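Asks: Next comes model.txt, compact mmCIF, C-alpha atoms:
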# COMPACT_ATOMS: atom_id res chain seq x y z
CA MET A 2 -6.94 -2.77 -5.02
CA ILE A 3 -4.42 -3.54 -2.29
CA THR A 4 -6.47 -6.28 -0.62
CA VAL A 5 -7.00 -8.08 -3.91
CA ARG A 6 -3.30 -7.83 -4.81
CA ARG A 7 -2.28 -9.17 -1.40
CA GLY A 8 -4.68 -12.08 -1.70
CA ALA A 9 -3.52 -12.92 -5.20
CA ALA A 10 0.15 -12.73 -4.25
CA ALA A 11 -0.29 -14.93 -1.19
CA LEU A 12 -2.34 -17.43 -3.16
CA ALA A 13 0.31 -17.54 -5.89
CA VAL A 14 3.01 -18.30 -3.32
CA ALA A 15 0.88 -21.00 -1.77
CA THR A 16 0.24 -22.54 -5.21
CA VAL A 17 3.95 -22.69 -6.00
CA LEU A 18 4.69 -24.45 -2.74
CA CYS A 19 1.94 -27.03 -3.12
CA THR A 20 2.39 -30.11 -5.31
CA GLY A 21 0.11 -32.94 -6.33
CA THR A 22 -1.17 -35.02 -9.24
CA ALA A 23 -4.28 -34.47 -11.28
CA PRO A 24 -7.14 -36.83 -10.39
CA THR A 25 -7.97 -39.61 -12.85
CA ALA A 26 -11.39 -40.18 -14.37
CA PHE A 27 -12.09 -42.78 -11.68
CA ALA A 28 -10.93 -40.72 -8.72
CA ALA A 29 -13.08 -40.63 -5.63
CA PRO A 30 -15.52 -37.73 -5.34
CA SER A 31 -13.87 -34.51 -4.23
CA PRO A 32 -14.42 -33.64 -0.58
CA SER A 33 -16.66 -30.75 0.32
CA PRO A 34 -14.95 -27.35 0.19
CA THR A 35 -13.17 -26.45 3.38
CA PRO A 36 -15.27 -23.89 5.24
CA ALA A 37 -13.78 -20.46 5.72
CA PRO A 38 -12.06 -20.08 9.08
CA GLU A 39 -14.10 -18.54 11.82
CA VAL A 40 -13.28 -14.89 12.36
CA PRO A 41 -11.73 -14.58 15.83
CA ALA A 42 -12.85 -12.09 18.45
CA GLY A 43 -10.97 -8.82 18.28
CA LEU A 44 -10.43 -8.89 14.52
CA TYR A 45 -11.91 -6.23 12.26
CA GLY A 46 -14.05 -7.47 9.39
CA GLU A 47 -16.20 -10.55 8.88
CA LYS A 48 -14.60 -12.15 5.82
CA ASP A 49 -11.99 -14.90 5.66
CA PRO A 50 -8.81 -13.39 7.16
CA THR A 51 -6.40 -15.92 5.64
CA TYR A 52 -4.73 -13.48 3.27
CA ASP A 53 -5.35 -10.10 4.89
CA GLY A 54 -6.10 -10.50 8.60
CA VAL A 55 -3.09 -8.55 9.86
CA TRP A 56 -3.26 -6.10 6.96
CA ARG A 57 -6.88 -5.03 7.46
CA GLN A 58 -6.50 -4.91 11.23
CA SER A 59 -3.48 -2.65 10.90
CA LEU A 60 -5.08 -0.30 8.39
CA ALA A 61 -8.11 -0.01 10.67
CA PHE A 62 -5.86 0.98 13.60
CA ILE A 63 -3.95 3.59 11.60
CA ALA A 64 -7.12 5.14 10.18
CA LEU A 65 -8.91 5.28 13.54
CA ARG A 66 -5.94 6.88 15.25
CA THR A 67 -5.94 9.70 12.68
CA GLN A 68 -9.35 10.53 14.18
CA GLN A 69 -8.15 10.11 17.79
CA VAL A 70 -10.16 6.90 18.14
CA GLN A 71 -8.39 4.19 20.14
CA PRO A 72 -9.23 0.60 19.17
CA ALA A 73 -10.43 -1.77 21.86
CA GLU A 74 -7.68 -3.40 23.88
CA GLN A 75 -9.03 -6.75 22.70
CA ALA A 76 -8.25 -5.72 19.12
CA VAL A 77 -4.75 -4.53 20.04
CA ALA A 78 -4.12 -7.80 21.87
CA TRP A 79 -5.21 -9.77 18.80
CA LEU A 80 -2.66 -8.01 16.61
CA ARG A 81 0.14 -8.46 19.13
CA GLN A 82 -0.64 -12.18 19.40
CA GLN A 83 -0.20 -12.56 15.65
CA GLN A 84 3.48 -11.62 15.94
CA CYS A 85 6.13 -14.32 15.81
CA GLU A 86 8.98 -14.43 18.33
CA SER A 87 11.32 -13.11 15.61
CA GLY A 88 9.24 -9.95 15.38
CA ALA A 89 7.76 -10.91 12.00
CA PHE A 90 4.10 -11.31 11.07
CA ALA A 91 2.39 -13.68 8.69
CA SER A 92 -0.68 -12.55 6.78
CA TYR A 93 -2.74 -14.46 9.35
CA ARG A 94 -2.08 -17.11 11.97
CA PRO A 95 -5.26 -19.01 12.89
CA ASP A 96 -3.62 -20.46 16.00
CA PRO A 97 -1.35 -17.81 17.55
CA ALA A 98 -0.67 -20.12 20.50
CA LYS A 99 1.32 -22.31 18.11
CA ALA A 100 4.87 -21.03 17.70
CA CYS A 101 6.01 -19.90 14.27
CA ASP A 102 8.20 -22.43 12.49
CA PRO A 103 10.02 -22.62 9.14
CA ALA A 104 6.72 -23.44 7.43
CA THR A 105 5.12 -20.16 8.58
CA MET A 106 4.69 -17.88 5.57
CA LEU A 107 6.21 -14.67 6.91
CA ASP A 108 4.99 -11.52 5.18
CA THR A 109 7.03 -8.32 4.90
CA ASN A 110 3.95 -6.27 3.98
CA ALA A 111 1.95 -7.49 6.97
CA THR A 112 4.94 -6.92 9.25
CA ALA A 113 5.58 -3.39 7.96
CA VAL A 114 1.97 -2.25 8.25
CA ALA A 115 1.64 -3.89 11.69
CA VAL A 116 4.68 -1.91 12.84
CA GLN A 117 2.93 1.30 11.77
CA ALA A 118 -0.31 0.24 13.44
CA LEU A 119 1.32 -0.71 16.74
CA ASN A 120 3.21 2.54 16.78
CA ALA A 121 -0.05 4.41 16.18
CA VAL A 122 -1.95 2.80 19.09
CA ARG A 123 1.02 2.56 21.45
CA ALA A 124 0.51 5.73 23.50
CA LYS A 125 -3.12 4.99 24.36
CA SER A 126 -2.74 1.26 25.00
CA THR A 127 -2.81 -0.28 28.46
CA ASP A 128 0.80 -1.46 28.10
CA PRO A 129 2.58 1.11 25.91
CA ASP A 130 6.05 -0.26 26.60
CA ALA A 131 5.11 -3.75 25.41
CA VAL A 132 3.44 -2.38 22.29
CA ALA A 133 6.46 -0.21 21.52
CA LYS A 134 8.73 -3.22 21.98
CA ALA A 135 6.59 -5.24 19.55
CA ALA A 136 6.79 -2.48 16.93
CA LYS A 137 10.55 -2.21 17.33
CA ALA A 138 10.94 -5.99 17.03
CA GLY A 139 8.99 -5.94 13.77
CA ALA A 140 11.23 -3.23 12.35
CA GLY A 141 14.29 -5.15 13.47
CA TRP A 142 13.15 -8.26 11.63
CA LEU A 143 12.49 -6.24 8.48
CA LYS A 144 16.00 -4.82 8.52
CA GLY A 145 17.35 -8.33 8.98
CA VAL A 146 15.70 -9.62 5.77
CA GLN A 147 16.61 -6.68 3.54
CA ASN A 148 17.67 -7.79 0.07
CA LYS A 149 21.09 -6.97 -1.35
CA ASP A 150 19.57 -4.38 -3.69
CA GLY A 151 18.26 -2.50 -0.64
CA GLY A 152 14.61 -3.48 -1.10
CA TRP A 153 12.16 -6.12 0.07
CA GLY A 154 9.97 -8.72 -1.59
CA TYR A 155 6.52 -9.85 -0.50
CA ASN A 156 8.06 -12.73 1.43
CA PRO A 157 11.60 -12.65 2.89
CA GLY A 158 14.16 -13.65 0.31
CA GLY A 159 11.84 -13.00 -2.62
CA PRO A 160 12.75 -10.51 -5.37
CA SER A 161 12.27 -6.90 -4.32
CA ASP A 162 9.17 -5.09 -5.51
CA ALA A 163 8.07 -1.47 -5.32
CA ASN A 164 5.05 -2.04 -3.05
CA SER A 165 6.85 -4.10 -0.42
CA THR A 166 9.84 -1.76 -0.38
CA SER A 167 7.53 1.23 -0.03
CA VAL A 168 5.53 -0.12 2.90
CA VAL A 169 8.75 -1.01 4.73
CA ILE A 170 10.04 2.52 4.16
CA GLY A 171 6.81 3.73 5.76
CA ALA A 172 7.35 1.48 8.77
CA LEU A 173 10.91 2.69 9.33
CA THR A 174 9.79 6.29 8.97
CA ALA A 175 6.97 5.79 11.49
CA LEU A 176 9.51 4.70 14.11
CA GLY A 177 11.65 7.76 13.50
CA GLU A 178 14.38 5.97 11.55
CA LYS A 179 15.96 7.30 8.37
CA PRO A 180 15.42 4.75 5.59
CA GLY A 181 18.40 6.15 3.71
CA ASP A 182 20.62 4.99 6.57
CA VAL A 183 19.32 1.40 6.45
CA LYS A 184 21.82 -0.34 4.18
CA SER A 185 22.01 -3.88 2.87
CA VAL A 186 25.09 -6.07 2.98
CA ASP A 187 25.99 -4.55 -0.39
CA GLY A 188 25.62 -1.02 0.96
CA ARG A 189 22.36 -0.36 -0.91
CA THR A 190 19.48 1.62 0.62
CA PRO A 191 15.70 1.20 0.23
CA TYR A 192 15.71 4.30 -1.96
CA ASP A 193 18.27 2.68 -4.26
CA ALA A 194 15.87 -0.21 -4.75
CA LEU A 195 12.90 2.12 -5.24
CA LEU A 196 14.68 4.05 -7.98
CA GLY A 197 15.23 0.75 -9.77
CA PHE A 198 11.47 0.52 -10.37
CA ALA A 199 11.06 4.10 -11.65
CA ILE A 200 10.27 4.56 -15.34
CA PRO A 201 12.15 7.54 -16.87
CA CYS A 202 10.21 10.55 -18.11
CA ALA A 203 11.76 9.99 -21.53
CA ALA A 204 10.01 6.62 -21.86
CA GLN A 205 7.35 6.35 -24.55
CA GLU A 206 4.91 4.57 -22.24
CA GLY A 207 4.36 4.96 -18.49
CA ALA A 208 6.61 8.01 -18.19
CA GLY A 209 7.20 8.83 -14.52
CA ALA A 210 5.39 5.76 -13.19
CA PHE A 211 6.78 2.92 -11.09
CA ALA A 212 6.65 -0.74 -11.99
CA TYR A 213 5.79 -3.41 -9.43
CA GLN A 214 8.77 -5.46 -10.63
CA PRO A 215 10.59 -5.81 -13.94
CA ASP A 216 8.88 -8.36 -16.16
CA LYS A 217 10.61 -11.53 -17.36
CA ASN A 218 12.42 -9.49 -20.00
CA GLY A 219 13.57 -6.89 -17.50
CA THR A 220 11.12 -4.29 -18.81
CA LEU A 221 9.48 -1.85 -16.44
CA LEU A 222 5.71 -1.58 -16.97
CA ALA A 223 3.67 1.16 -15.32
CA ASN A 224 1.61 0.02 -12.34
CA ALA A 225 -0.72 2.52 -10.65
CA ASP A 226 -0.78 0.64 -7.33
CA ALA A 227 3.02 0.55 -7.19
CA THR A 228 3.23 4.20 -8.30
CA ALA A 229 0.96 5.44 -5.52
CA ALA A 230 2.89 3.45 -2.90
CA ALA A 231 6.31 4.50 -4.20
CA THR A 232 5.27 8.15 -4.48
CA LEU A 233 4.44 8.21 -0.76
CA ALA A 234 7.63 6.33 0.14
CA GLY A 235 9.81 8.60 -1.98
CA LEU A 236 8.35 11.58 -0.13
CA GLY A 237 9.13 9.93 3.22
CA LYS A 238 5.52 9.07 4.08
CA GLY A 239 3.80 6.00 5.48
CA MET A 240 0.20 4.92 4.95
CA THR A 241 -1.09 8.42 5.68
CA ALA A 242 -0.12 11.88 4.51
CA ASP A 243 -1.41 15.43 4.68
CA GLY A 244 -1.75 17.65 1.66
CA VAL A 245 1.16 20.08 1.37
CA THR A 246 1.24 23.74 0.46
CA PRO A 247 1.97 25.60 -1.65
CA GLU A 248 0.25 23.41 -4.21
CA GLN A 249 2.20 22.51 -7.31
CA ALA A 250 1.21 21.03 -10.63
CA PRO A 251 3.07 17.72 -11.00
CA ALA A 252 5.63 17.53 -13.78
CA CYS A 253 7.94 14.76 -14.96
CA THR A 254 11.64 15.61 -14.98
CA ASP A 255 14.65 13.37 -15.39
CA LEU A 256 17.67 14.45 -13.33
CA PRO A 257 21.31 13.58 -14.16
CA LYS A 258 21.47 11.97 -10.74
CA PRO A 259 18.00 10.62 -9.82
CA THR A 260 16.66 11.10 -6.31
CA ALA A 261 13.80 9.36 -4.54
CA GLU A 262 11.95 12.65 -4.07
CA ARG A 263 12.19 13.56 -7.74
CA ALA A 264 11.04 10.08 -8.73
CA ALA A 265 8.10 10.46 -6.34
CA LEU A 266 7.07 13.74 -7.97
CA ASN A 267 7.38 12.07 -11.36
CA GLY A 268 5.09 9.34 -10.05
CA ALA A 269 2.57 11.99 -9.04
CA SER A 270 2.61 13.37 -12.58
CA TYR A 271 1.78 9.93 -13.94
CA LEU A 272 -1.11 9.49 -11.47
CA ALA A 273 -2.48 12.96 -12.27
CA ALA A 274 -2.55 12.15 -15.98
CA ALA A 275 -4.20 8.79 -15.35
CA LEU A 276 -6.93 10.32 -13.17
CA ALA A 277 -7.58 13.12 -15.65
CA LYS A 278 -9.01 10.64 -18.15
CA THR A 279 -12.03 9.44 -16.14
CA GLY A 280 -11.66 10.82 -12.63
CA HIS A 281 -10.67 7.42 -11.30
CA LEU A 282 -8.26 4.54 -11.93
CA ASN A 283 -9.32 1.23 -13.46
CA THR A 284 -8.40 -2.33 -12.65
CA PRO A 285 -5.80 -3.69 -15.07
CA PRO A 286 -7.09 -6.45 -17.37
CA MET A 287 -6.40 -10.01 -16.29
CA PRO A 288 -3.68 -11.87 -18.23
CA GLY A 289 -5.14 -13.25 -21.46
CA ALA A 290 -8.19 -11.00 -21.26
CA ALA A 291 -7.00 -7.87 -23.03
CA ASP A 292 -10.44 -7.25 -24.51
CA ALA A 293 -12.21 -7.44 -21.14
CA ALA A 294 -13.87 -4.27 -19.92
CA GLU A 295 -11.94 -2.40 -17.27
CA LEU A 296 -13.74 -1.68 -14.01
CA PRO A 297 -13.22 1.27 -11.65
CA ASP A 298 -10.61 0.58 -9.00
CA HIS A 299 -11.77 2.37 -5.85
CA GLY A 300 -8.82 1.29 -3.70
CA ASN A 301 -6.10 2.42 -6.07
CA THR A 302 -7.99 5.64 -6.73
CA ALA A 303 -8.03 6.38 -2.98
CA ASP A 304 -4.31 5.62 -2.76
CA ALA A 305 -3.63 7.91 -5.71
CA VAL A 306 -5.50 10.74 -4.00
CA VAL A 307 -3.24 10.41 -0.94
CA ALA A 308 -0.10 10.31 -3.08
CA LEU A 309 -1.09 13.37 -5.11
CA ALA A 310 -2.00 15.36 -2.00
CA ALA A 311 1.36 14.49 -0.44
CA ALA A 312 3.06 15.79 -3.59
CA GLY A 313 1.13 19.06 -3.43
CA ALA A 314 -1.15 18.21 -6.36
CA MET A 315 -4.40 18.86 -4.49
CA LYS A 316 -6.16 20.27 -7.54
CA GLU A 317 -5.34 17.18 -9.59
CA ALA A 318 -6.68 14.92 -6.81
CA ASP A 319 -9.89 16.84 -6.19
CA GLY A 320 -11.93 15.24 -8.97
CA ALA A 321 -10.98 11.74 -7.86
CA LEU A 322 -11.97 12.52 -4.27
CA THR A 323 -15.36 13.75 -5.48
CA TRP A 324 -15.78 10.56 -7.50
CA LEU A 325 -14.98 8.48 -4.41
CA GLN A 326 -17.49 10.43 -2.32
CA GLN A 327 -20.18 9.68 -4.88
CA ASN A 328 -19.31 6.09 -5.79
CA SER A 329 -17.43 4.28 -3.01
CA ALA A 330 -20.15 3.52 -0.44
CA ASP A 331 -21.14 0.10 -1.80
CA TRP A 332 -17.53 -0.88 -2.49
CA ALA A 333 -16.42 -0.02 1.04
CA ARG A 334 -19.40 -1.78 2.60
CA ASP A 335 -18.63 -4.96 0.66
CA SER A 336 -14.84 -4.81 1.03
CA GLY A 337 -14.68 -4.05 4.74
CA PRO A 338 -12.24 -2.35 7.12
CA ALA A 339 -9.25 -1.91 4.79
CA ALA A 340 -11.46 -0.12 2.26
CA TYR A 341 -12.92 2.21 4.86
CA ALA A 342 -9.38 2.93 6.05
CA GLN A 343 -8.20 3.82 2.54
CA LEU A 344 -11.08 6.29 2.22
CA VAL A 345 -10.20 7.81 5.60
CA PHE A 346 -6.62 8.29 4.38
CA ALA A 347 -7.88 9.99 1.21
CA SER A 348 -10.24 12.32 3.07
CA ASN A 349 -7.56 13.27 5.60
CA ALA A 350 -5.06 14.04 2.84
CA MET A 351 -7.55 16.37 1.19
CA ASP A 352 -8.62 17.99 4.47
CA VAL A 353 -12.16 16.60 4.25
CA ASP A 354 -13.99 15.39 7.35
CA PRO A 355 -14.20 11.57 7.06
CA ARG A 356 -17.32 11.65 9.23
CA HIS A 357 -19.07 13.42 6.35
CA PHE A 358 -17.68 11.61 3.32
CA GLY A 359 -20.48 11.82 0.80
CA SER A 360 -23.35 10.06 2.54
CA THR A 361 -21.07 7.98 4.78
CA ASP A 362 -19.58 8.48 8.22
CA LEU A 363 -16.35 6.57 7.55
CA VAL A 364 -15.23 6.59 11.18
CA LYS A 365 -18.52 5.16 12.40
CA ALA A 366 -18.65 2.60 9.59
CA LEU A 367 -15.05 1.49 10.19
CA SER A 368 -15.55 1.26 13.95
CA ALA A 369 -18.61 -0.93 13.39
CA THR A 370 -16.50 -3.59 11.65
CA GLY A 371 -14.66 -4.45 14.86
CA PRO A 372 -15.04 -4.38 18.63
CA ALA A 373 -16.31 -1.10 20.05
CA PRO A 374 -13.39 1.34 20.34
CA GLN A 375 -12.27 2.69 23.69
CA ALA A 376 -13.12 6.29 22.88
CA ALA A 377 -14.19 8.29 19.86
CA ALA A 378 -12.62 11.53 18.77
CA GLY A 379 -13.69 14.34 21.04
CA SER A 380 -16.13 12.22 22.99
CA SER A 381 -15.14 10.49 26.20
CA ALA A 382 -17.54 8.58 28.41
CA ASP A 383 -17.86 11.63 30.68
CA GLU A 384 -18.58 13.90 27.71
CA THR A 385 -21.19 11.47 26.45
CA ALA A 386 -22.85 11.47 29.87
CA GLU A 387 -22.79 15.28 29.88
CA ASP A 388 -24.44 15.31 26.46
CA GLU A 389 -27.13 12.94 27.70
CA ASP A 390 -27.69 15.07 30.81
CA SER A 391 -27.84 18.16 28.62
CA GLY A 392 -30.39 16.48 26.39
CA SER A 393 -32.51 15.52 29.40
CA PHE A 394 -32.28 19.07 30.74
CA ASP A 395 -33.37 20.47 27.38
CA LEU A 396 -36.35 18.13 27.32
CA TRP A 397 -37.53 19.10 30.82
CA TRP A 398 -36.93 22.78 30.00
CA ILE A 399 -39.26 22.47 27.00
CA ILE A 400 -41.85 20.63 29.11
CA GLY A 401 -41.60 23.32 31.78
CA ILE A 402 -42.10 26.11 29.27
CA GLY A 403 -45.09 24.26 27.90
CA MET A 404 -46.63 23.99 31.34
CA VAL A 405 -46.12 27.70 32.06
CA VAL A 406 -47.65 28.63 28.72
CA GLY A 407 -50.56 26.30 29.42
CA VAL A 408 -51.19 27.86 32.80
CA GLY A 409 -51.04 31.36 31.30
CA ILE A 410 -53.57 30.43 28.64
CA GLY A 411 -55.80 29.00 31.36
CA PHE A 412 -55.71 32.25 33.31
CA LEU A 413 -56.38 34.21 30.14
CA ILE A 414 -59.45 32.15 29.24
CA SER A 415 -60.71 32.32 32.82
CA GLY A 416 -60.31 36.11 32.89
CA ARG A 417 -62.15 36.59 29.62
CA LYS A 418 -65.08 34.53 30.94
CA LYS A 419 -65.29 36.78 33.94
Is it possible to express this structure as structure tokens?

Replies:
Amino acid sequence: MITVRRGAAALAVATVLCTGTAPTAFAAPSPSPTPAPEVPAGLYGEKDPTYDGVWRQSLAFIALRTQQVQPAEQAVAWLRQQQCESGAFASYRPDPAKACDPATMLDTNATAVAVQALNAVRAKSTDPDAVAKAAKAGAGWLKGVQNKDGGWGYNPGGPSDANSTSVVIGALTALGEKPGDVKSVDGRTPYDALLGFAIPCAAQEGAGAFAYQPDKNGTLLANADATAAATLAGLGKGMTADGVTPEQAPACTDLPKPTAERAALNGASYLAAALAKTGHLNTPPMPGAADAAELPDHGNTADAVVALAAAGAMKEADGALTWLQQNSADWARDSGPAAYAQLVFASNAMDVDPRHFGSTDLVKALSATGPAPQAAAGSSADETAEDEDSGSFDLWWIIGIGMVVGVGIGFLISGRKK
């Protein structure tokens, strides 16, 4: 699941940067655990935002805007205040009044998704020019920290990975830029980096998939999360995508000269085969726990549905969407706004109304995790008032009919007595 991966990656970075000695047997008692930071006003979700504050806020914005719902200005202001002067975002800044400094852990993923979110809410915000400027500044920072291989790592300067490179491609695309024209100092493009994570169709394992990064031996190992992200990026998509027609069964084909689009279609073939086994993806086993039971991965399954739909493999994604409709309610409720957003993306891609997703109204549930939105799809304040007036009119009309019928019955009884 994306949120879990982001939290684990950020925690790993923090662990590497922290040093200390192990306590002795006579060390003083450990202090009480530090309480989770208070969730600030304007932020979607109630859980600790340390590792995913900007991420979940941004996904919520993008998902709501697909349904013509504009987030509250308070929520938009919160996201803008998280931005550093350089244009970058960290995963979460508890004190946005404090300027970013060299110790601020800047996050390419948070920055890229925030760019997409700001671009999505820009037109309906109270200050569209300022929001557009913020989105452009974020994209500018991303281009400034591009790695020599054309890609991006989780943090600036870190080794490129498929997920980070893909979400940046989505951000550039959202602003109308051509990722293929964004070149590193070595003349490499984001698509060059993406192709470096693609596993050939001739491979014995993971054919067509993408790896997150090469392992310590330089081997590419299939990763469903990375494959879904890279499939969308290779097709020139961001966080969202519509299903395409005519539909096509995904196939894996190696070309003499690989292209990002072909690699994306190969990725779709891998995802289709993975979903065909159980109707959903599973969480990979933790290191050292190869015998542990695998659990369904709702988030990656939703991402795979979007990727397959974007590749025209609607039929192959249909079973997974049905599984999500039947099994994702508890997961989304526990996971919060980012999970609801992923389900909205999946329903949109498959042309299913997210307001009737199984037994859940995803738009209503997502909106309830943050401040009340400015307006819901197809219902302005005036329209709501009209509906209320209409309801009142209907009620009085029924009462009136009842009174007329009552009077008629009275006359009838009176006449019969006479």

Asks: Do you know which residues lie at most 10 Å from (-1.9, 8.5, -13.6), with coordinates as in the file and all atoms listed in the file counted, and could you write them as a PyMOL selection string?

Replies: chain A and resi 207-210+223-225+228-229+268-278+281-282+302+305+309

Asks: Deliver the residues from the most recent selection as a file, using C-alpha atoms, as a compact mmCIF listing (two decimals), keeping the file's coordinate frame.

Replies:
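Written output follows (out.txt):
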# COMPACT_ATOMS: atom_id res chain seq x y z
CA GLY A 207 4.36 4.96 -18.49
CA ALA A 208 6.61 8.01 -18.19
CA GLY A 209 7.20 8.83 -14.52
CA ALA A 210 5.39 5.76 -13.19
CA ALA A 223 3.67 1.16 -15.32
CA ASN A 224 1.61 0.02 -12.34
CA ALA A 225 -0.72 2.52 -10.65
CA THR A 228 3.23 4.20 -8.30
CA ALA A 229 0.96 5.44 -5.52
CA GLY A 268 5.09 9.34 -10.05
CA ALA A 269 2.57 11.99 -9.04
CA SER A 270 2.61 13.37 -12.58
CA TYR A 271 1.78 9.93 -13.94
CA LEU A 272 -1.11 9.49 -11.47
CA ALA A 273 -2.48 12.96 -12.27
CA ALA A 274 -2.55 12.15 -15.98
CA ALA A 275 -4.20 8.79 -15.35
CA LEU A 276 -6.93 10.32 -13.17
CA ALA A 277 -7.58 13.12 -15.65
CA LYS A 278 -9.01 10.64 -18.15
CA HIS A 281 -10.67 7.42 -11.30
CA LEU A 282 -8.26 4.54 -11.93
CA THR A 302 -7.99 5.64 -6.73
CA ALA A 305 -3.63 7.91 -5.71
CA LEU A 309 -1.09 13.37 -5.11

Asks: Separation of atom CA of Glu178 of chain A and atom CA of Ala261 of chain A, in Å?

Replies: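 About the pair atom CA of Glu178 of chain A and atom CA of Ala261 of chain A: they are 16.5 Å apart.
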
Asks: How far is it from atom CA of Glu74 of chain A to atom CA of Ala136 of chain A, in Å with one decimal?

Replies: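 Interatomic distance here is 16.1 Å.
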
Asks: Write out as a ChimeraX atom specification the residues lying within 6 Å of segment 40-51 of chain A, counting only C-alpha atoms and excluding same-chain residues fewer than 3 positions away.

Replies: /A:37,54,58,75-76,79,93,337-338,370-371

Asks: Which residue out of A:Asn328, A:Met315, A:Pro129, A:Lys137 has the minimum interatomic distance to Ala250 of chain A when all atoms listed in the file are used?

Replies: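 Nearest to Ala250 of chain A: A:Met315.
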
Asks: May I ask for the distance between atom CA of Trp56 of chain A and atom CA of Arg334 of chain A, given in Å to one decimal place?

Replies: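 It comes out at 17.3 Å.
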
Asks: When distances are computed from only C-alpha atoms, which of A:Thr174, A:Thr241, A:Gln117, A:Gln84 shows the smallest separation from Gln343 of chain A?

Replies: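 Among the listed residues, the smallest separation from Gln343 of chain A belongs to A:Thr241.
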
Asks: For segment 268-285 of chain A, I'd like the enclosing box, axis-aligned and padded by 5 Å on every side, reported as lines of an AutoDock Vina configuration file with centre and edge lengths in Å to one decimal.

Replies:
center_x = -3.5
center_y = 4.8
center_z = -13.6
size_x = 27.1
size_y = 27.1
size_z = 19.1

Asks: Restricting the calculation to all atoms listed in the file, which member of A:Ala227, A:Ala163, A:Ala124, A:Met351 is positioned closest to Thr246 of chain A?

Replies: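 Of A:Ala227, A:Ala163, A:Ala124, A:Met351, the one nearest Thr246 of chain A is A:Met351, counting all atoms listed in the file.
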
Asks: With all atoms listed in the file as the basis for distance, which of A:Val146, A:Ala369, A:Ala311, A:Ala111 is at the shortest distance from Val186 of chain A?

Replies: A:Val146

Asks: When distances are computed from only C-alpha atoms, which of A:Gln71, A:Gln147, A:Ser185, A:Ser161 shows the smallest separation from Arg123 of chain A?

Replies: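 The closest residue to Arg123 of chain A is A:Gln71.
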
Asks: For segment 195-202 of chain A, list every protein, DNA or RNA residue within 9 Å, evaluated using only C-alpha atoms, and leave out those in the same chain fewer than 3 positions away; present the list as an mmCIF file with C-alpha atoms, in the frame of the given file.

Replies:
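Saved file selection_20.cif follows:
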data_model
loop_
_atom_site.group_PDB
_atom_site.id
_atom_site.type_symbol
_atom_site.label_atom_id
_atom_site.label_comp_id
_atom_site.auth_asym_id
_atom_site.auth_seq_id
_atom_site.Cartn_x
_atom_site.Cartn_y
_atom_site.Cartn_z
ATOM 1 C CA GLY A 151 18.260 -2.500 -0.640
ATOM 2 C CA GLY A 152 14.610 -3.480 -1.100
ATOM 3 C CA ASP A 162 9.170 -5.090 -5.510
ATOM 4 C CA ALA A 163 8.070 -1.470 -5.320
ATOM 5 C CA THR A 166 9.840 -1.760 -0.380
ATOM 6 C CA SER A 167 7.530 1.230 -0.030
ATOM 7 C CA THR A 190 19.480 1.620 0.620
ATOM 8 C CA PRO A 191 15.700 1.200 0.230
ATOM 9 C CA TYR A 192 15.710 4.300 -1.960
ATOM 10 C CA GLN A 205 7.350 6.350 -24.550
ATOM 11 C CA GLU A 206 4.910 4.570 -22.240
ATOM 12 C CA GLY A 207 4.360 4.960 -18.490
ATOM 13 C CA ALA A 208 6.610 8.010 -18.190
ATOM 14 C CA GLY A 209 7.200 8.830 -14.520
ATOM 15 C CA ALA A 210 5.390 5.760 -13.190
ATOM 16 C CA PHE A 211 6.780 2.920 -11.090
ATOM 17 C CA ALA A 212 6.650 -0.740 -11.990
ATOM 18 C CA TYR A 213 5.790 -3.410 -9.430
ATOM 19 C CA GLN A 214 8.770 -5.460 -10.630
ATOM 20 C CA PRO A 215 10.590 -5.810 -13.940
ATOM 21 C CA LEU A 221 9.480 -1.850 -16.440
ATOM 22 C CA LEU A 222 5.710 -1.580 -16.970
ATOM 23 C CA ALA A 223 3.670 1.160 -15.320
ATOM 24 C CA THR A 228 3.230 4.200 -8.300
ATOM 25 C CA ALA A 231 6.310 4.500 -4.200
ATOM 26 C CA ALA A 234 7.630 6.330 0.140
ATOM 27 C CA GLY A 235 9.810 8.600 -1.980
ATOM 28 C CA CYS A 253 7.940 14.760 -14.960
ATOM 29 C CA THR A 254 11.640 15.610 -14.980
ATOM 30 C CA ASP A 255 14.650 13.370 -15.390
ATOM 31 C CA PRO A 259 18.000 10.620 -9.820
ATOM 32 C CA THR A 260 16.660 11.100 -6.310
ATOM 33 C CA ALA A 261 13.800 9.360 -4.540
ATOM 34 C CA ALA A 264 11.040 10.080 -8.730
ATOM 35 C CA ALA A 265 8.100 10.460 -6.340
ATOM 36 C CA ASN A 267 7.380 12.070 -11.360
ATOM 37 C CA GLY A 268 5.090 9.340 -10.050
#

Asks: Using all atoms listed in the file, which of A:Ala61, A:Val245, A:Ala204, A:Val168 sits nearest Lys316 of chain A?

Replies: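 Going through A:Ala61, A:Val245, A:Ala204, A:Val168 one by one, the smallest distance to Lys316 of chain A is for A:Val245.
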
Asks: Extract segment 336-346 of chain A from the preceding block and save C-alpha atoms as a short mmCIF file (atom, residue, chain, number, x, y, z; two decimals), in the first residue's frame.

Replies:
data_model
loop_
_atom_site.label_atom_id
_atom_site.label_comp_id
_atom_site.auth_asym_id
_atom_site.auth_seq_id
_atom_site.Cartn_x
_atom_site.Cartn_y
_atom_site.Cartn_z
CA SER A 336 -6.72 3.85 6.57
CA GLY A 337 -8.34 7.22 5.93
CA PRO A 338 -8.35 9.80 3.13
CA ALA A 339 -5.61 8.37 0.90
CA ALA A 340 -7.40 5.01 0.82
CA TYR A 341 -10.73 6.57 -0.09
CA ALA A 342 -8.96 8.54 -2.81
CA GLN A 343 -7.39 5.40 -4.30
CA LEU A 344 -10.82 3.79 -4.48
CA VAL A 345 -12.23 6.90 -6.16
CA PHE A 346 -9.46 6.68 -8.76
#
